[in-house]
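Take a look at the structure below.
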Amino acid sequence: MFKQPISNLFLLTLLILSSAINAHPLTPVTFDSADKTKIHAYWQPNANDPHANNIVLFHQAGASARGEYKTIIKKLSSQGFNVLAVDLRSGGGKFGGTNQTANNFKGEKPSYCEAYSDMVASLNWLDEKTNSSSTIVWGSSYSAGLVFKLAAEHQAKVDAVIGFSPASGKPMANCRAEPLLAKIKQPALALRPESEINYPSVVEQAKIFKSHGIPYLTIKNGVHGSSMLVEARTKHNMKDAWVKVLEFLNSEKI
């Protein structure tokens with residue numbers, strides 16, 4: 001009997017329906033930092049695997065979780081990760097997002113170092129709410145410096161760490177990662193766009209990271225922070241950069 005071929009439109013419809021069934025919506029969540037500051041975050045769990053690895057996304061200065069990570073959250077979710085994207089108290093509306101934690105923060109403008117307690121609170125929330133095998137912390141610019149500190153000081157809750165353009169300037173004086181790198185035993189990776197790699201401070205930082213066995217990769221056509229993965233911001237195809245990042249995130253060691 002003659003069978004009509006399945007149309008491309010029908011296949012596309014099936015894929016869309018399947019994706020919709022398997023995906024949970026991006027859900028707003030809140031939890032308290034150590035000083036009772038209410039932290040706002042967004043949770044995207046894997047619908048099929050309760051033990052999927054967690055990735056915690058922390059944004060750069062002046063930004064928010066949904067602003068900086070809108071497309072990255074979708075990419076990581078499609079790879080099967082649970083994703084928690086956190087609005088830190090030091091942030092704002094860069095990239096078009098709204099930072100709910102910063103907007104509701106009472107008192108003087110917080111420093112980068114003061115956002116560290118929000119990151120610790122994020123680990124505590126995940127520890128209470130998930131049964132995941134591993135948790136990977138991911139930072140951008142100032143938070144990229146802080147995630148290495150987080151990995152060094154909370155080894156029981158951090159299984160891997162990745163930082164994009166880790167900051168180490170004067171505003172980070174009291175919370176720099178470099179003095180703590182020797183304590184990091186987990187898989188770790190740092191990345192820089194090629195436009196930053198020859199800055200004297202970056203050259204020195206790269207030497208320190210590499211001396212502790214932490215790869216420090218140069219990303220062609222990248223821009224500052226996690227935005228080096230977002231083609232709308234780099235104006236280039238960033239497939240090669242994503243390959244490096246996903247190889248790390250899916251490492252058998254994590």
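A note on labels: chains of the structure tokens are A, B, ... as shown, every chain counts residues from 1, and ligands are counted from 1 in their shown order.
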Need the shell around region 239-242 of chain A: protein/DNA/RNA residues with any atom at most 9 Å away, counting only C-alpha atoms. Skip same-chain ones fewer than 5 positions apart. Format as a compact mmCIF listing (two decimals) with N, CA and C atoms, in the first residue's frame?
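Contents of the output file result-v5.txt:
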# COMPACT_ATOMS: atom_id res chain seq x y z
N ILE A 219 39.09 33.11 23.89
CA ILE A 219 37.95 32.91 23.00
C ILE A 219 37.99 33.93 21.86
N LYS A 220 38.16 33.43 20.66
CA LYS A 220 38.22 34.28 19.47
C LYS A 220 36.87 34.97 19.26
N GLY A 222 35.30 36.90 21.06
CA GLY A 222 34.47 37.03 22.25
C GLY A 222 34.38 38.47 22.74
N MET A 228 30.34 36.46 25.86
CA MET A 228 31.18 35.91 24.80
C MET A 228 30.53 34.71 24.12
N LEU A 229 29.47 34.17 24.73
CA LEU A 229 28.74 33.04 24.14
C LEU A 229 27.49 33.47 23.38
N GLU A 247 32.05 20.84 26.48
CA GLU A 247 33.00 19.74 26.78
C GLU A 247 33.35 19.76 28.26
Extract, using only C-alpha atoms, all DNA, RNA and protein residues at most 12 Å from Lys185 (chain A), discarding same-chain residues fewer than 2 positions from it, and format them as number ranges by chain.
-> A: 148, 151-156, 158-161, 180-183, 187-189, 212-214, 253-254
Atoms to include: C-alpha atoms. Write the selected residues as a CSV table (one decimal), in the first residue's frame.
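out.csv, freshly written:
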chain,number,residue,atom,x,y,z
A,148,PHE,CA,36.4,30.6,42.3
A,151,ALA,CA,34.5,26.7,44.9
A,152,ALA,CA,37.5,27.0,47.3
A,153,GLU,CA,35.4,27.7,50.4
A,154,HIS,CA,32.4,25.5,49.8
A,155,GLN,CA,33.9,22.3,48.3
A,156,ALA,CA,31.2,20.1,49.7
A,158,VAL,CA,30.5,22.9,44.5
A,159,ASP,CA,31.5,20.1,42.1
A,160,ALA,CA,32.9,22.3,39.3
A,161,VAL,CA,33.5,26.0,38.5
A,180,LEU,CA,42.4,30.8,47.1
A,181,LEU,CA,43.1,28.9,43.9
A,182,ALA,CA,45.4,26.4,45.5
A,183,LYS,CA,42.5,25.1,47.5
A,187,PRO,CA,37.3,20.7,37.8
A,188,ALA,CA,37.8,24.4,36.9
A,189,LEU,CA,38.0,26.6,33.8
A,212,HIS,CA,47.4,26.0,39.8
A,213,GLY,CA,46.5,23.7,37.0
A,214,ILE,CA,43.4,25.7,36.0
A,253,LYS,CA,35.0,14.2,36.1
A,254,ILE,CA,32.0,16.4,37.1
In terms of only C-alpha atoms, the residue from A:Phe81, A:Lys70, A:Asn221, A:Leu57 at minimal distance from Leu146 (chain A) is A:Leu57
Taking into account only C-alpha atoms, which residue in the set A:Leu88, A:Gln79, A:Phe31, A:Gln100 is nearest to Leu246 (chain A)?
-> A:Gln79
Can you build me a table of region 150-253 of chain A residues sitting at most 7 Å from region 107-118 of chain A, with the closest atom pair per residue and its distance in Å to one decimal, using only C-alpha atoms, sorted by chain and residue number, as CSV?
residue,atom,partner,partner_atom,distance
A:Pro171,CA,A:Tyr112,CA,6.9
A:Met172,CA,A:Cys113,CA,6.5
A:Asn174,CA,A:Cys113,CA,6.9
A:Cys175,CA,A:Cys113,CA,5.7
Preceding selection exported with C-alpha atoms as a compact mmCIF listing (two decimals), in the first residue's frame:
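Contents of the output file part02.txt:
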# COMPACT_ATOMS: atom_id res chain seq x y z
CA PRO A 171 36.83 46.61 43.77
CA MET A 172 37.68 42.92 44.34
CA ASN A 174 38.78 41.93 49.74
CA CYS A 175 37.43 38.92 47.85
All residues 8 Å or closer to region 37-54 of chain A, only C-alpha atoms, same chain fewer than 3 positions away omitted, as a ChimeraX atom specification = /A:22-34,65-66,77,80-89,100-101,105,118,130-136
In terms of only C-alpha atoms, the residue from A:Val56, A:Val245, A:Ile162, A:Val202 at minimal distance from Leu123 (chain A) is A:Val56
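Shortest separation to Glu196 (chain A) among A:Asn99, A:Lys74, A:Ala173, A:Ser141 occurs at residue A:Ser141, atoms counted being only C-alpha atoms.
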Taking the backbone alone, and naming residues the way the document does, which bits of region 8-236 of chain A are strand (DSSP E) by DSSP, as a VMD selection string?
-> chain A and resid 27 to 32 38 to 44 54 to 58 82 to 87 135 to 140 160 to 164 188 to 193 216 to 219
Excluding Thr98 (chain A) and any residue of its chain fewer than 6 positions from it, enumerate the residues within 7 Å of it, using only C-alpha atoms, and give them as a ChimeraX atom specification.
-> /A:64,67,92
Emit the selected residues as a PDB file, in the first residue's frame, including C-alpha atoms.
ATOM      1  CA  SER A  64      20.548  40.698  35.961  1.00  0.00           C
ATOM      2  CA  GLY A  67      19.085  40.002  31.092  1.00  0.00           C
ATOM      3  CA  GLY A  92      21.055  46.426  37.390  1.00  0.00           C
TER       4      GLY A  92
END
Would you please give, as a PyMOL selection string, all residues of region 1-139 of chain A that DSSP assigns to helix (DSSP H, G or I) based on the backbone?
-> chain A and resi 8-22+65-78+100-103+113-129
Keeping only C-alpha atoms, take the residues you just selected and write them out as a tab-separated table (two decimals), in the first residue's frame.
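Final file, again_5.tsv:
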chain	number	residue	atom	x	y	z
A	8	ASN	CA	8.45	18.44	7.41
A	9	LEU	CA	5.75	20.60	8.99
A	10	PHE	CA	4.34	17.56	10.83
A	11	LEU	CA	7.80	16.61	12.12
A	12	LEU	CA	8.42	20.16	13.27
A	13	THR	CA	5.08	20.17	15.08
A	14	LEU	CA	6.01	16.93	16.87
A	15	LEU	CA	9.35	18.40	17.96
A	16	ILE	CA	7.71	21.53	19.30
A	17	LEU	CA	5.08	19.54	21.20
A	18	SER	CA	7.71	17.19	22.60
A	19	SER	CA	9.83	20.10	23.77
A	20	ALA	CA	6.85	21.74	25.40
A	21	ILE	CA	5.90	18.54	27.24
A	22	ASN	CA	9.44	17.92	28.53
A	65	ALA	CA	20.06	36.96	35.63
A	66	ARG	CA	17.44	37.09	32.88
A	67	GLY	CA	19.09	40.00	31.09
A	68	GLU	CA	22.52	38.48	30.72
A	69	TYR	CA	21.48	34.84	30.50
A	70	LYS	CA	18.22	34.73	28.54
A	71	THR	CA	19.63	32.75	25.60
A	72	ILE	CA	22.22	30.88	27.67
A	73	ILE	CA	19.54	29.47	29.99
A	74	LYS	CA	17.73	28.02	26.97
A	75	LYS	CA	20.93	26.49	25.64
A	76	LEU	CA	21.88	24.87	28.95
A	77	SER	CA	18.34	23.60	29.53
A	78	SER	CA	18.36	21.99	26.09
A	100	GLN	CA	14.75	42.24	41.36
A	101	THR	CA	17.25	41.74	44.18
A	102	ALA	CA	19.09	45.00	43.44
A	103	ASN	CA	15.83	46.91	42.93
A	113	CYS	CA	32.28	41.44	47.57
A	114	GLU	CA	29.00	41.84	49.45
A	115	ALA	CA	27.22	39.85	46.73
A	116	TYR	CA	29.22	36.80	47.77
A	117	SER	CA	26.75	35.94	50.55
A	118	ASP	CA	23.97	35.81	47.93
A	119	MET	CA	25.97	33.20	46.05
A	120	VAL	CA	26.42	31.11	49.18
A	121	ALA	CA	22.65	31.34	49.78
A	122	SER	CA	22.08	30.04	46.24
A	123	LEU	CA	24.11	26.92	47.04
A	124	ASN	CA	22.12	26.41	50.22
A	125	TRP	CA	18.82	26.68	48.32
A	126	LEU	CA	19.93	24.08	45.79
A	127	ASP	CA	21.15	21.79	48.54
A	128	GLU	CA	17.71	21.88	50.14
A	129	LYS	CA	15.58	21.73	46.99
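Note that CA of Gln205 (chain A) and CA of Ala63 (chain A) are 23.9 Å apart.
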